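Trainee: input.txt is the file, holding compact mmCIF, C-alpha atoms and all ligand atoms:
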```
# COMPACT_ATOMS: atom_id res chain seq x y z
CA MET A 1 -3.17 42.42 -120.25
CA ARG A 2 -2.19 40.99 -123.66
CA THR A 3 0.24 38.11 -123.82
CA VAL A 4 2.80 38.44 -126.60
CA VAL A 5 5.18 35.59 -127.39
CA ILE A 6 8.28 36.59 -129.36
CA ALA A 7 10.33 33.74 -130.80
CA GLY A 8 13.61 35.57 -131.38
CA GLY A 9 12.86 38.16 -128.69
CA THR A 10 16.34 38.23 -127.14
CA ARG A 11 18.12 40.19 -129.85
CA GLY A 12 17.63 42.53 -132.77
CA ILE A 13 14.13 43.60 -133.84
CA GLY A 14 12.49 41.07 -131.51
CA ARG A 15 14.28 42.46 -128.48
CA ALA A 16 13.44 46.06 -129.43
CA LEU A 17 9.80 45.03 -129.80
CA ALA A 18 9.85 43.26 -126.44
CA ALA A 19 11.12 46.46 -124.80
CA SER A 20 8.50 48.66 -126.44
CA ILE A 21 5.28 46.69 -126.00
CA ASP A 22 2.96 47.27 -123.08
CA ALA A 23 2.01 43.63 -122.56
CA ASN A 24 3.00 40.46 -120.81
CA VAL A 25 5.92 39.67 -123.13
CA ILE A 26 7.52 36.25 -123.33
CA ALA A 27 10.78 36.91 -125.19
CA LEU A 28 12.43 33.67 -126.26
CA GLY A 29 15.93 32.96 -127.47
CA SER A 30 18.03 29.90 -128.14
CA ALA A 31 18.61 29.42 -124.40
CA ASP A 32 14.87 28.76 -124.01
CA ALA A 33 14.63 26.31 -126.89
CA ASP A 34 16.80 25.56 -129.90
CA LEU A 35 14.34 26.20 -132.70
CA THR A 36 16.50 24.35 -135.19
CA SER A 37 15.23 21.26 -133.36
CA MET A 38 11.62 20.28 -134.00
CA ARG A 39 11.66 18.21 -130.79
CA GLN A 40 12.65 21.27 -128.73
CA THR A 41 10.16 23.45 -130.62
CA ARG A 42 7.32 21.03 -129.73
CA GLU A 43 8.43 20.96 -126.08
CA LEU A 44 8.48 24.77 -126.04
CA ILE A 45 4.92 24.92 -127.39
CA ASP A 46 3.80 22.71 -124.51
CA ARG A 47 5.39 25.10 -122.00
CA LEU A 48 3.74 28.26 -123.32
CA PRO A 49 0.49 29.74 -121.90
CA ASP A 50 -2.82 28.36 -123.12
CA ARG A 51 -3.96 31.83 -124.20
CA ILE A 52 -1.76 34.00 -126.38
CA ASP A 53 -2.80 37.23 -128.09
CA THR A 54 0.14 37.74 -130.42
CA LEU A 55 2.80 35.40 -131.71
CA ILE A 56 5.83 37.09 -133.28
CA LEU A 57 8.09 34.91 -135.41
CA SER A 58 11.45 36.65 -135.44
CA ALA A 59 13.98 33.88 -134.80
CA GLY A 60 16.41 33.21 -137.59
CA ARG A 61 20.03 32.42 -138.18
CA PHE A 62 21.99 32.57 -141.41
CA SER A 63 25.19 30.85 -142.30
CA ARG A 64 27.70 30.95 -145.11
CA ARG A 65 28.28 27.24 -144.60
CA ARG A 66 25.69 24.53 -145.04
CA ILE A 67 24.82 23.09 -141.63
CA VAL A 68 22.57 20.07 -141.19
CA THR A 69 20.79 19.55 -137.88
CA ASP A 70 20.76 16.27 -135.94
CA GLU A 71 17.23 15.79 -137.29
CA GLY A 72 18.50 16.05 -140.87
CA HIS A 73 17.30 19.54 -141.82
CA GLU A 74 19.33 22.36 -143.34
CA ARG A 75 19.64 24.77 -140.42
CA THR A 76 18.39 27.98 -142.09
CA PHE A 77 15.27 26.17 -143.26
CA ALA A 78 14.76 24.43 -139.91
CA ILE A 79 14.67 27.61 -137.82
CA GLY A 80 13.32 29.93 -140.52
CA ALA A 81 10.52 27.75 -141.91
CA LEU A 82 9.94 24.44 -140.11
CA ALA A 83 9.93 25.88 -136.58
CA ARG A 84 7.75 28.80 -137.68
CA HIS A 85 5.23 26.44 -139.17
CA LEU A 86 5.25 24.32 -136.02
CA LEU A 87 4.85 27.35 -133.73
CA ALA A 88 2.00 28.84 -135.77
CA ASP A 89 0.08 25.57 -136.01
CA GLY A 90 0.92 24.38 -132.51
CA LEU A 91 -0.05 27.67 -130.84
CA ARG A 92 -3.21 28.14 -132.93
CA PRO A 93 -5.53 26.86 -130.16
CA ALA A 94 -3.90 29.24 -127.64
CA LEU A 95 -4.20 32.14 -130.09
CA GLU A 96 -7.83 31.35 -130.85
CA ARG A 97 -8.64 31.86 -127.15
CA SER A 98 -7.76 35.55 -127.63
CA PRO A 99 -10.43 37.99 -128.87
CA ASN A 100 -7.96 39.64 -131.24
CA PRO A 101 -5.23 37.17 -132.21
CA MET A 102 -2.39 37.83 -134.61
CA ILE A 103 0.68 36.09 -135.96
CA LEU A 104 3.38 38.52 -137.05
CA ASN A 105 5.98 36.79 -139.20
CA LEU A 106 9.11 38.89 -139.75
CA CYS A 107 10.39 37.62 -143.04
CA GLY A 108 11.40 38.64 -146.55
CA VAL A 109 8.09 39.13 -148.33
CA GLY A 110 8.28 41.57 -151.20
CA GLY A 111 12.06 41.47 -150.99
CA ILE A 112 14.67 42.11 -153.62
CA ARG A 113 13.37 39.31 -155.78
CA ALA A 114 11.13 36.36 -155.13
CA GLY A 115 12.99 33.33 -153.85
CA HIS A 116 12.07 29.83 -154.79
CA LEU A 117 11.96 26.45 -153.14
CA HIS A 118 14.35 23.76 -154.26
CA TRP A 119 11.62 21.13 -154.17
CA ASP A 120 13.87 18.23 -155.10
CA ASP A 121 16.63 19.36 -152.73
CA LEU A 122 15.21 21.36 -149.81
CA THR A 123 18.30 20.70 -147.71
CA LEU A 124 20.38 22.28 -150.48
CA THR A 125 22.92 19.47 -150.86
CA ARG A 126 23.66 20.92 -154.30
CA GLY A 127 24.72 24.53 -154.65
CA TYR A 128 24.28 25.75 -151.07
CA SER A 129 24.91 29.45 -150.61
CA LEU A 130 23.86 31.98 -147.99
CA PHE A 131 21.76 33.68 -150.66
CA ALA A 132 20.07 30.46 -151.87
CA ALA A 133 19.22 29.43 -148.29
CA THR A 134 17.95 32.92 -147.39
CA MET A 135 15.79 33.23 -150.50
CA GLN A 136 14.38 29.72 -150.05
CA VAL A 137 13.32 30.59 -146.51
CA ALA A 138 11.82 33.91 -147.68
CA ARG A 139 9.64 32.11 -150.22
CA ALA A 140 8.74 29.39 -147.69
CA ASN A 141 7.46 32.05 -145.28
CA ASP A 142 5.31 33.61 -147.99
CA LEU A 143 3.77 30.18 -148.50
CA LEU A 144 3.42 29.54 -144.76
CA GLY A 145 1.34 32.71 -144.42
CA ALA A 146 -0.78 31.97 -147.49
CA GLY A 147 -1.17 28.33 -146.45
CA PHE A 148 -2.24 29.21 -142.90
CA ALA A 149 -4.95 31.54 -144.16
CA ASP A 150 -6.14 28.88 -146.65
CA ARG A 151 -6.10 26.03 -144.13
CA TYR A 152 -7.99 27.84 -141.37
CA PRO A 153 -10.49 30.06 -143.21
CA GLY A 154 -12.78 30.49 -140.18
CA SER A 155 -9.98 31.29 -137.74
CA PRO A 156 -9.98 34.73 -136.05
CA ILE A 157 -6.18 34.78 -136.33
CA ARG A 158 -4.81 37.50 -138.59
CA TYR A 159 -1.55 36.45 -140.21
CA VAL A 160 0.83 39.27 -141.11
CA LEU A 161 3.90 38.77 -143.29
CA TYR A 162 6.24 41.69 -142.64
CA ASN A 163 9.54 42.48 -144.29
CA PRO A 164 11.36 45.10 -142.17
CA LEU A 165 13.94 45.58 -144.98
CA PHE A 166 17.48 46.43 -143.88
CA VAL A 167 17.75 46.82 -140.10
CA ASP A 168 20.93 47.36 -138.10
CA SER A 169 20.02 44.52 -135.76
CA GLY A 170 23.49 43.20 -135.09
CA MET A 171 22.88 40.09 -137.17
CA HIS A 172 26.35 40.55 -138.68
CA ARG A 173 27.70 38.93 -135.49
CA ASN A 174 26.64 35.58 -136.99
CA PHE A 175 29.23 35.87 -139.75
CA ASP A 176 32.98 35.39 -139.85
CA GLN A 177 35.34 38.14 -140.97
CA PRO A 178 35.53 39.82 -143.44
CA MET A 179 31.76 39.38 -144.01
CA ARG A 180 31.04 40.51 -140.44
CA ALA A 181 32.76 43.84 -140.98
CA VAL A 182 31.16 44.39 -144.39
CA ILE A 183 27.60 43.60 -143.26
CA GLY A 184 28.05 45.46 -139.96
CA GLY A 185 29.34 48.56 -141.74
CA ALA A 186 26.58 48.49 -144.34
CA ALA A 187 23.93 48.03 -141.62
CA ARG A 188 25.26 51.03 -139.67
CA LEU A 189 25.27 53.16 -142.82
CA PHE A 190 22.08 52.05 -144.56
CA GLY A 191 20.05 50.07 -142.03
CA GLU A 192 17.25 51.31 -139.85
CA SER A 193 17.76 51.09 -136.08
CA THR A 194 15.95 48.31 -134.25
CA THR A 195 14.15 50.96 -132.18
CA ARG A 196 12.81 52.58 -135.35
CA ALA A 197 11.86 49.19 -136.85
CA ALA A 198 10.00 48.31 -133.65
CA ALA A 199 8.26 51.69 -133.61
CA ARG A 200 6.95 51.01 -137.13
CA LEU A 201 5.54 47.69 -135.96
CA LYS A 202 3.87 48.95 -132.80
CA PRO A 203 0.68 50.34 -134.44
CA LEU A 204 0.22 46.98 -136.14
CA LEU A 205 0.42 45.20 -132.81
CA ASP A 206 -2.00 47.65 -131.19
CA ALA A 207 -4.53 47.33 -134.03
CA PRO A 208 -4.09 44.17 -136.12
CA PRO A 209 -5.38 44.31 -139.69
CA THR A 210 -8.83 42.88 -140.31
CA ALA A 211 -7.88 40.68 -143.28
CA PRO A 212 -6.89 37.06 -142.59
CA LEU A 213 -3.59 37.62 -144.46
CA THR A 214 -1.64 40.85 -144.92
CA ALA A 215 1.76 41.37 -146.55
CA LEU A 216 3.76 44.49 -145.72
CA ARG A 217 7.18 45.79 -146.59
CA ARG A 218 8.37 48.25 -143.96
CA GLY A 219 4.72 49.05 -143.25
CA ARG A 220 3.63 49.44 -146.88
CA PRO A 221 1.21 46.88 -148.35
CA VAL A 222 2.63 44.63 -151.06
CA PRO A 223 0.67 42.07 -153.11
CA LEU A 224 -0.25 38.91 -151.23
CA PRO A 225 1.95 35.95 -152.11
CA ASP A 226 0.63 33.53 -154.66
CA SER A 227 -0.49 30.51 -152.65
CA THR A 228 -0.23 27.97 -155.49
CA ASP A 229 2.55 25.98 -153.81
CA ALA A 230 1.37 26.47 -150.21
CA ALA A 231 -0.35 23.09 -150.00
CA ARG A 232 2.67 21.45 -151.58
CA LEU A 233 4.92 22.95 -148.92
CA TYR A 234 2.53 21.80 -146.20
CA ASP A 235 2.66 18.24 -147.57
CA VAL A 236 6.46 18.34 -147.47
CA ILE A 237 6.69 19.98 -144.05
CA GLN A 238 4.07 18.00 -142.15
CA PRO A 239 5.97 14.66 -142.09
CA THR A 240 9.13 16.44 -140.90
CA GLN A 241 7.32 17.74 -137.81
CA LYS A 242 6.64 14.38 -136.16
N1 LIG B 301 17.70 42.58 -139.85
C1 LIG B 301 17.30 42.74 -141.11
O1 LIG B 301 17.84 43.55 -141.87
C2 LIG B 301 16.15 41.89 -141.63
C3 LIG B 301 15.68 42.13 -142.92
C4 LIG B 301 14.63 41.37 -143.41
C5 LIG B 301 14.08 40.38 -142.61
N2 LIG B 301 14.56 40.17 -141.33
C6 LIG B 301 13.96 39.09 -140.53
O2 LIG B 301 13.57 39.59 -139.27
C7 LIG B 301 13.81 38.60 -138.26
C8 LIG B 301 14.58 39.22 -137.12
O3 LIG B 301 15.81 39.70 -137.64
P1 LIG B 301 16.95 40.29 -136.68
O4 LIG B 301 17.95 40.88 -137.60
O5 LIG B 301 16.34 41.11 -135.59
O6 LIG B 301 17.57 38.93 -136.06
P2 LIG B 301 18.75 38.77 -135.01
O7 LIG B 301 19.17 40.08 -134.44
O8 LIG B 301 19.81 37.92 -135.66
O9 LIG B 301 18.04 37.93 -133.84
C9 LIG B 301 17.72 36.61 -134.08
C10 LIG B 301 16.92 36.05 -132.91
O10 LIG B 301 16.75 34.65 -133.22
C11 LIG B 301 17.13 33.90 -132.09
N3 LIG B 301 17.72 32.63 -132.49
C12 LIG B 301 18.78 32.43 -133.31
N4 LIG B 301 19.05 31.11 -133.40
C13 LIG B 301 18.14 30.49 -132.62
C14 LIG B 301 17.88 29.13 -132.30
N5 LIG B 301 18.64 28.14 -132.80
N6 LIG B 301 16.86 28.83 -131.49
C15 LIG B 301 16.08 29.82 -130.97
N7 LIG B 301 16.25 31.13 -131.24
C16 LIG B 301 17.29 31.45 -132.05
C17 LIG B 301 18.19 34.73 -131.38
O11 LIG B 301 18.24 34.30 -130.03
P3 LIG B 301 19.67 34.11 -129.26
O12 LIG B 301 20.44 35.34 -129.49
O13 LIG B 301 19.26 33.89 -127.86
O14 LIG B 301 20.32 32.91 -129.88
C18 LIG B 301 17.63 36.13 -131.56
O15 LIG B 301 16.71 36.43 -130.54
C19 LIG B 301 14.59 37.47 -138.93
O16 LIG B 301 13.74 36.38 -139.13
C20 LIG B 301 15.02 38.02 -140.26
O17 LIG B 301 14.98 37.08 -141.28
C21 LIG B 301 15.58 40.90 -140.83
```
If you convert what's in this file into C-alpha cells, what do you get?
Mentor:
Amino acid sequence: MRTVVIAGGTRGIGRALAASIDANVIALGSADADLTSMRQTRELIDRLPDRIDTLILSAGRFSRRRIVTDEGHERTFAIGALARHLLADGLRPALERSPNPMILNLCGVGGIRAGHLHWDDLTLTRGYSLFAATMQVARANDLLGAGFADRYPGSPIRYVLYNPLFVDSGMHRNFDQPMRAVIGGAARLFGESTTRAAARLKPLLDAPPTAPLTALRRGRPVPLPDSTDAARLYDVIQPTQK
C-alpha cells in the first residue's frame, strides 16, 4: 500500500484528501510538529518512514500581523516556504525509494498575479501586509518547485505545483473579526468545498504526471514558473535550515 505524508493533513484540503485516499496516510498538523520551527521540522523528518510514495505540502498559516519566530523568520515564510523546502529535500531519499514518487505542493501558482520576493527584506520588516506575505510565499513556492526539478534532474520524483484557487476550507478561523466573517462568508458563497477540491486532486495522486515539474491551477495546466531566481532562493534558504 502507498504511503502518503500530508503536512497540513488535519484540516481543510489536506484533511479532505486524507479522508479520500486509499493509502497509508500520515496526516500531520501542528500538534505533530510546529512547522514554523526548522528544528521541529528536521526532527519530524527523522521520525517519518524511510519510504514515502507521496508528500503533500499543505500546511500554511496566514496572519494580518507580522509574527517573527524564535528562529528569526517571518512566520508565513517559515511555514509556507522554509519548512516546505526542508521537507522536500529532507524526504527526498525516502521518496526515491518509491517506484512512483511525487511531491504535491498546494500553493498559489498561476494566481491572481505573480508575487515577488523581497530579497533585501525577506522577513518583511518594512511594509508587512497579509497580501505581501502571501504573495511572497506564493512566488517562493513556484521557485521551490522549479529549483527542485533543476537541482535533481535524474530524480524519479515528480514535483507538482497546484493552486486549488478559492476553497471553503475554514481557513478564515485564523483571522480576527471582522475579517473572519468576511472571508468565511465569501468562502461559503464562492469557494469550492474541500471534498470537491480533494476529488479534483485524487486522479493526480493515482496517476502522477510524467514530467519532472508540472504547474496546475484547479487541475488546468498553467505555464511553468520561470526558474531564474530559484538558485538565488536556494542560496538564501540553505543557511537558514541549519
Ligand atoms: N483554501 C484556499 O482557498 C487556498 C487557495 C490557494 C492555495 N491554498 C493553499 O492550500 C494549502 C491548504 O489550504 P487550506 O485552506 O486547506 O489550509 P487550512 O485549512 O488553513 O489548513 C492548514 C493546515 O496547516 C496546518 N498548520 C498550520 N500551522 C501549522 C504549524 N505551525 N505547524 C504545522 N502545521 C500547521 C494545520 O494544522 P493544525 O490545524 O493542526 O494546526 C492544518 O492542517 C495552503 O498551503 C494554502 O496556501 C489554499
Trainee: Provide the CA of Gly170 in chain A to CA of Ile6 in chain A distance in Å, to one decimal place.
Mentor: 17.5 Å
Trainee: Around the point (1.2, 25.4, -154.8), in the coordinates given by the file, pick out the residues reaching within 12 Å, counting only C-alpha atoms, and return them as a PyMOL selection string.
Mentor: chain A and resi 116-117+119+139-140+142-144+146-147+150+225-236
Trainee: Go ahead and save the picked residues with C-alpha atoms, as a CSV table (one decimal), keeping the file's coordinate frame.
Mentor:
```csv
chain,number,residue,atom,x,y,z
A,116,HIS,CA,12.1,29.8,-154.8
A,117,LEU,CA,12.0,26.4,-153.1
A,119,TRP,CA,11.6,21.1,-154.2
A,139,ARG,CA,9.6,32.1,-150.2
A,140,ALA,CA,8.7,29.4,-147.7
A,142,ASP,CA,5.3,33.6,-148.0
A,143,LEU,CA,3.8,30.2,-148.5
A,144,LEU,CA,3.4,29.5,-144.8
A,146,ALA,CA,-0.8,32.0,-147.5
A,147,GLY,CA,-1.2,28.3,-146.4
A,150,ASP,CA,-6.1,28.9,-146.6
A,225,PRO,CA,2.0,36.0,-152.1
A,226,ASP,CA,0.6,33.5,-154.7
A,227,SER,CA,-0.5,30.5,-152.6
A,228,THR,CA,-0.2,28.0,-155.5
A,229,ASP,CA,2.6,26.0,-153.8
A,230,ALA,CA,1.4,26.5,-150.2
A,231,ALA,CA,-0.4,23.1,-150.0
A,232,ARG,CA,2.7,21.4,-151.6
A,233,LEU,CA,4.9,23.0,-148.9
A,234,TYR,CA,2.5,21.8,-146.2
A,235,ASP,CA,2.7,18.2,-147.6
A,236,VAL,CA,6.5,18.3,-147.5
```
Trainee: Skip Leu28 in chain A itself and residues of its chain fewer than 6 positions away, then list as a count of residues only all residues within 10 Å of it, counting only C-alpha atoms.
Mentor: 14
Trainee: Taking all atoms listed in the file into account, which residues have an atom no farther than 9 Å from ligand LIG 301 (chain B)? I'd like them as a PyMOL selection string.
Mentor: chain A and resi 6-16+27-37+41+57-62+75+78-80+105-109+111+134+137-138+162-174+187+191-192+194
Trainee: At what distance in Å, to one decimal, does CA of Val68 in chain A lie from CA of Leu55 in chain A?
Mentor: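 Between CA of Leu55 in chain A and CA of Val68 in chain A the gap works out to 26.8 Å.
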Trainee: Which protein, DNA or RNA residues are at most 9 Å from (5.9, 46.9, -143.4) in the file's coordinates when you count all atoms listed in the file, listed as JSON, numbers by chain?
Mentor: {"A": [161, 162, 163, 164, 165, 200, 201, 215, 216, 217, 218, 219, 220, 221, 222]}
Trainee: Counting only C-alpha atoms, which of A:Ala81, A:Leu95, A:Leu124, A:Leu86 gets nearest to Asp50 in chain A?
Mentor: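 Of A:Ala81, A:Leu95, A:Leu124, A:Leu86, the one nearest Asp50 in chain A is A:Leu95, counting only C-alpha atoms.
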Trainee: When you count all atoms listed in the file, which of these residues is closest to Asp206 in chain A: A:Ser155, A:Gln40, A:Asn24, A:Asn100?
Mentor: A:Asn100
Trainee: Counting only C-alpha atoms, which of A:Arg180, A:Arg92, A:His73, A:His118 gets nearest to Leu48 in chain A?
Mentor: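 Answer, going by the shortest atom-to-atom distance: A:Arg92.
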Trainee: Mind pulling up the distance from CA of Gly115 in chain A to CA of Thr69 in chain A?
Mentor: 22.5 Å
Trainee: Using only C-alpha atoms, which residue out of A:Ala207, A:Leu130, A:Leu91, A:Val4 lies closest to Ala23 in chain A?
Mentor: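 Result for the nearest residue to Ala23 in chain A: A:Val4.
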Trainee: For Arg2 in chain A, which residue among A:Met38, A:Ile52, A:Ile26, A:Ala83 is the nearest when counting all atoms listed in the file?
Mentor: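 Ranked by minimum distance to Arg2 in chain A, first place goes to A:Ile52.
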